[in-house]
Amino acid sequence: MKLSFLDPLYAVEGTVASVFLDTSRDIDDPDRAIELRWRHARDKLAAEGADRATLSALGDAVGADREVDGPHGQALFAADGQLLLAQVLPRPPARDTARYSRLPDVMPLVMQVAPDIPYLVVVITREGLTGADGAAPLEADSIVVTLQGGRWPASTVAPEPVSSFALPAAQWQQGAARVTATAEQAVRDNGSEVIVVWAQQGDAWPKGVFVNRLPPELQRRVVTVEGEEPPRAAPGRSLLEQDLANLLDNRLGDRDRTLFDRYLAQRSRHGDSSEGMAAVVRALQRGQVQALLVNDQPGPSSARLWTGPEPTHIALSEEELKAFGVPSVAQGPADSLLIRAAARTDAELVVVAHEELALEDGIGALLRYTTPAP
């Protein structure tokens, strides 16, 4: 997964406020509950020195996801009175947190948006005489197709726009070409690795026409799911959310899988230089990391490292950094320092299931190059 979406957080000088809140609205009086959560977070930030303008910028953004149904949360970052990043989280955070610190608290965010798999949903239904939402009535026995792209799992709560087509069933053989052309363009635009096609049980013909008109390369990406009733997305959520979860949860995207396989090969040859806190820190110091690997059950957040002004100023001890000639050093949370060093040296992030590979200290590094042993 690329980490460039974090760039606004590292472009500022000074201290950043990081807030993670459960903003689910599937409870009684959700506005009051969210306000109480924000009040606790605001008081903590103020006690840590956050200025009023920054608190105001965060307060304006809290609860802006009110159109999103179901359990979810918000990740908010601000500095110097400016909101830097606001993202709806697919799941409520494990706990509400607030921190005012030199480095943003990003690990809870990146763990929720990984593995960032691009996909396309195609819903094909056969409908009768009645139109939808006040639209003009459809002709009897029409084929209705709805397309929606996304990136799993972030688009669960940040759905992309839909494209819809309605054609008389008698014209579906010819009209399907226009639909498949739109689908091909959508795949090219977002690099969809999976095309999830929903079709009604016992009505395979419309789906078959659509799939057979796709190029062979795209046909190989198709996964079909069936149901009795046409799916309807909850407000603010993506189509086929549960089907996407069944297909994509605990799965690596194509790019991440390639990086992971290369890491396994590297690990078999140079294990000591690629796994564990000490090895990863050494590699980040050199800007040597192509991909940072993190277990989906990260280690304790209490781990600390030493840092200086630059992202590659990272070390296990104060003495080590001073030996490098870094004039100003301080301690910081290890997870924040590791992610900053990775993001600012153009490394990618691969979140690996603990069951698939338990990494020493929960981290490893795929190296851009290896250095000869001394």
# chains A, B, ... in the order shown; residues from 1 in each chain; ligands from 1
>>> select_by_dssp(residues="stretch 290-372 of chain A", states="helix (DSSP H, G or I)", output="short mmCIF file (atom, residue, chain, number, x, y, z; two decimals) with N, CA and C atoms, in the first residue's frame")
data_model
loop_
_atom_site.label_atom_id
_atom_site.label_comp_id
_atom_site.auth_asym_id
_atom_site.auth_seq_id
_atom_site.Cartn_x
_atom_site.Cartn_y
_atom_site.Cartn_z
N GLU A 318 19.68 7.06 22.23
CA GLU A 318 20.09 8.45 22.08
C GLU A 318 21.54 8.54 21.64
N GLU A 319 22.38 7.67 22.20
CA GLU A 319 23.81 7.71 21.91
C GLU A 319 24.08 7.44 20.43
N GLU A 320 23.31 6.53 19.86
CA GLU A 320 23.51 6.19 18.45
C GLU A 320 23.24 7.39 17.55
N LEU A 321 22.16 8.10 17.80
CA LEU A 321 21.84 9.27 16.98
C LEU A 321 22.89 10.36 17.15
N LYS A 322 23.34 10.60 18.38
CA LYS A 322 24.34 11.63 18.61
C LYS A 322 25.66 11.26 17.95
N ALA A 323 25.94 9.96 17.90
CA ALA A 323 27.16 9.52 17.21
C ALA A 323 27.10 9.82 15.73
N ALA A 334 7.41 4.29 18.78
CA ALA A 334 8.07 3.55 17.70
C ALA A 334 7.19 3.47 16.46
N ASP A 335 5.90 3.20 16.62
CA ASP A 335 5.07 3.02 15.43
C ASP A 335 5.00 4.29 14.60
N SER A 336 4.89 5.45 15.25
CA SER A 336 4.83 6.71 14.51
C SER A 336 6.13 7.00 13.78
N LEU A 337 7.25 6.71 14.42
CA LEU A 337 8.55 6.97 13.81
C LEU A 337 8.80 6.02 12.64
N LEU A 338 8.40 4.77 12.77
CA LEU A 338 8.60 3.81 11.68
C LEU A 338 7.77 4.19 10.45
N ILE A 339 6.51 4.57 10.67
CA ILE A 339 5.65 4.93 9.54
C ILE A 339 6.16 6.21 8.88
N ARG A 340 6.57 7.21 9.68
CA ARG A 340 7.09 8.44 9.07
C ARG A 340 8.33 8.14 8.22
N ALA A 341 9.27 7.36 8.77
CA ALA A 341 10.48 7.05 8.01
C ALA A 341 10.14 6.30 6.73
N ALA A 342 9.19 5.38 6.79
CA ALA A 342 8.79 4.64 5.58
C ALA A 342 8.14 5.57 4.56
N ALA A 343 7.18 6.38 5.02
CA ALA A 343 6.46 7.26 4.10
C ALA A 343 7.37 8.28 3.45
N ARG A 344 8.29 8.85 4.20
CA ARG A 344 9.14 9.92 3.68
C ARG A 344 10.33 9.40 2.88
N GLU A 360 9.23 -11.10 13.78
CA GLU A 360 9.90 -10.71 15.02
C GLU A 360 9.60 -9.24 15.31
N ASP A 361 9.15 -8.95 16.53
CA ASP A 361 8.74 -7.60 16.93
C ASP A 361 7.59 -7.08 16.08
N GLY A 362 6.98 -7.95 15.29
CA GLY A 362 5.84 -7.56 14.47
C GLY A 362 6.18 -6.79 13.22
#
>>> select_by_dssp(residues="stretch 116-269 of chain A", states="strand (DSSP E)", output="NGL selection string")
:A and (117-127 or 142-152 or 162-168 or 194-200 or 222-227)
>>> residues_around(residues="A:Leu83", least_positions_apart="2", cutoff="9 Å", atoms="only C-alpha atoms", output="PyMOL selection string")
chain A and resi 54+57-58+61+76-81+85-86
>>> atom_distance(atom1="atom CA of A:Pro30", atom2="atom CA of A:Gln87")
18.9 Å
>>> closest_residue(among="A:Ser238, A:Gln201, A:Val145, A:Gly227", to="A:Pro161", atoms="only C-alpha atoms")
A:Ser238
>>> closest_residue(among="A:Val211, A:Ala199, A:Ala98, A:Val12", to="A:Arg126", atoms="only C-alpha atoms")
A:Ala199
>>> residues_around(residues="A:Asp69", least_positions_apart="6", cutoff="8 Å", atoms="only C-alpha atoms", output="NGL selection string")
:A and (24-26 or 234-237)
>>> write_last_selection(atoms="all heavy atoms", output="PDB file, in the first residue's frame")
ATOM      1  N   SER A  24     -20.101   6.148  15.309  1.00  0.00           N
ATOM      2  CA  SER A  24     -21.235   5.330  14.870  1.00  0.00           C
ATOM      3  C   SER A  24     -22.544   5.992  15.288  1.00  0.00           C
ATOM      4  O   SER A  24     -22.641   6.611  16.351  1.00  0.00           O
ATOM      5  CB  SER A  24     -21.154   3.935  15.496  1.00  0.00           C
ATOM      6  OG  SER A  24     -19.918   3.317  15.225  1.00  0.00           O
ATOM      7  N   ARG A  25     -23.553   5.813  14.455  1.00  0.00           N
ATOM      8  CA  ARG A  25     -24.843   6.444  14.726  1.00  0.00           C
ATOM      9  C   ARG A  25     -25.951   5.404  14.924  1.00  0.00           C
ATOM     10  O   ARG A  25     -27.143   5.751  14.891  1.00  0.00           O
ATOM     11  CB  ARG A  25     -25.205   7.399  13.591  1.00  0.00           C
ATOM     12  CG  ARG A  25     -24.113   8.403  13.262  1.00  0.00           C
ATOM     13  CD  ARG A  25     -24.584   9.490  12.337  1.00  0.00           C
ATOM     14  NE  ARG A  25     -25.561  10.352  12.970  1.00  0.00           N
ATOM     15  CZ  ARG A  25     -25.260  11.372  13.779  1.00  0.00           C
ATOM     16  NH1 ARG A  25     -24.002  11.655  14.055  1.00  0.00           N
ATOM     17  NH2 ARG A  25     -26.226  12.101  14.312  1.00  0.00           N
ATOM     18  N   ASP A  26     -25.576   4.139  15.147  1.00  0.00           N
ATOM     19  CA  ASP A  26     -26.572   3.084  15.335  1.00  0.00           C
ATOM     20  C   ASP A  26     -26.895   2.891  16.814  1.00  0.00           C
ATOM     21  O   ASP A  26     -27.050   1.767  17.293  1.00  0.00           O
ATOM     22  CB  ASP A  26     -26.086   1.781  14.705  1.00  0.00           C
ATOM     23  CG  ASP A  26     -24.718   1.351  15.221  1.00  0.00           C
ATOM     24  OD1 ASP A  26     -24.033   2.163  15.888  1.00  0.00           O
ATOM     25  OD2 ASP A  26     -24.327   0.199  14.966  1.00  0.00           O
ATOM     26  N   ALA A 234     -26.603   0.556   2.323  1.00  0.00           N
ATOM     27  CA  ALA A 234     -27.036   1.431   3.406  1.00  0.00           C
ATOM     28  C   ALA A 234     -26.488   2.836   3.148  1.00  0.00           C
ATOM     29  O   ALA A 234     -25.497   2.997   2.422  1.00  0.00           O
ATOM     30  CB  ALA A 234     -26.533   0.890   4.746  1.00  0.00           C
ATOM     31  N   PRO A 235     -27.111   3.866   3.721  1.00  0.00           N
ATOM     32  CA  PRO A 235     -26.638   5.236   3.484  1.00  0.00           C
ATOM     33  C   PRO A 235     -25.151   5.400   3.798  1.00  0.00           C
ATOM     34  O   PRO A 235     -24.673   4.986   4.846  1.00  0.00           O
ATOM     35  CB  PRO A 235     -27.498   6.064   4.449  1.00  0.00           C
ATOM     36  CG  PRO A 235     -28.754   5.277   4.613  1.00  0.00           C
ATOM     37  CD  PRO A 235     -28.331   3.835   4.565  1.00  0.00           C
ATOM     38  N   GLY A 236     -24.443   5.980   2.835  1.00  0.00           N
ATOM     39  CA  GLY A 236     -23.029   6.258   3.035  1.00  0.00           C
ATOM     40  C   GLY A 236     -22.122   5.051   2.972  1.00  0.00           C
ATOM     41  O   GLY A 236     -20.932   5.149   3.305  1.00  0.00           O
ATOM     42  N   ARG A 237     -22.637   3.917   2.520  1.00  0.00           N
ATOM     43  CA  ARG A 237     -21.822   2.703   2.484  1.00  0.00           C
ATOM     44  C   ARG A 237     -21.841   2.106   1.077  1.00  0.00           C
ATOM     45  O   ARG A 237     -22.689   2.434   0.255  1.00  0.00           O
ATOM     46  CB  ARG A 237     -22.295   1.696   3.528  1.00  0.00           C
ATOM     47  CG  ARG A 237     -22.340   2.280   4.949  1.00  0.00           C
ATOM     48  CD  ARG A 237     -22.572   1.227   6.001  1.00  0.00           C
ATOM     49  NE  ARG A 237     -21.378   0.443   6.245  1.00  0.00           N
ATOM     50  CZ  ARG A 237     -20.532   0.662   7.252  1.00  0.00           C
ATOM     51  NH1 ARG A 237     -20.730   1.671   8.087  1.00  0.00           N
ATOM     52  NH2 ARG A 237     -19.483  -0.119   7.428  1.00  0.00           N
TER      53      ARG A 237
END
>>> closest_residue(among="A:Met277, A:Leu366, A:Leu84, A:Val350", to="A:Ile314", atoms="only C-alpha atoms")
A:Met277
>>> closest_residue(among="A:Leu316, A:Ile363, A:Ala183, A:Leu45", to="A:Phe210", atoms="only C-alpha atoms")
A:Ala183
>>> residues_around(residues="A:Asp22", least_positions_apart="4", cutoff="7 Å", atoms="only C-alpha atoms", output="JSON list (two decimals) with C-alpha atoms, in the first residue's frame")
[["chain", "number", "residue", "atom", "x", "y", "z"],
["A", 72, "HIS", "CA", -17.61, 3.34, 11.88],
["A", 73, "GLY", "CA", -15.27, 6.04, 13.14],
["A", 74, "GLN", "CA", -13.27, 9.12, 12.24],
["A", 92, "PRO", "CA", -14.84, 2.21, 15.08],
["A", 93, "PRO", "CA", -11.39, 2.59, 16.63],
["A", 96, "ASP", "CA", -11.08, 6.76, 21.40]]
>>> atom_distance(atom1="atom CA of A:Ala279", atom2="atom CA of A:Glu355")
21.9 Å
>>> closest_residue(among="A:Thr125, A:Gln290, A:Ser163, A:Ser18", to="A:Asp203", atoms="only C-alpha atoms")
A:Thr125
>>> residues_around(residues="A:Ala358", least_positions_apart="3", cutoff="12 Å", atoms="only C-alpha atoms", output="list in words")
Glu275, Gly276, Leu293, Val294, Asn295, Asp296, Gln297, Pro298, Gly299, Val351, Val352, Ala353, His354, Glu355, Asp361, Gly362, Ile363 and Gly364 of chain A
>>> residues_around(residues="A:Gln173", least_positions_apart="4", cutoff="9 Å", atoms="only C-alpha atoms", output="list in words")
Ala169, Ala177, Pro206, Val209 and Phe210 of chain A
>>> atom_distance(atom1="atom CA of A:Phe165", atom2="atom CA of A:Glu127")
12.0 Å
>>> closest_residue(among="A:Ala114, A:Asn190, A:Val88, A:Val179", to="A:Gly149", atoms="only C-alpha atoms")
A:Asn190
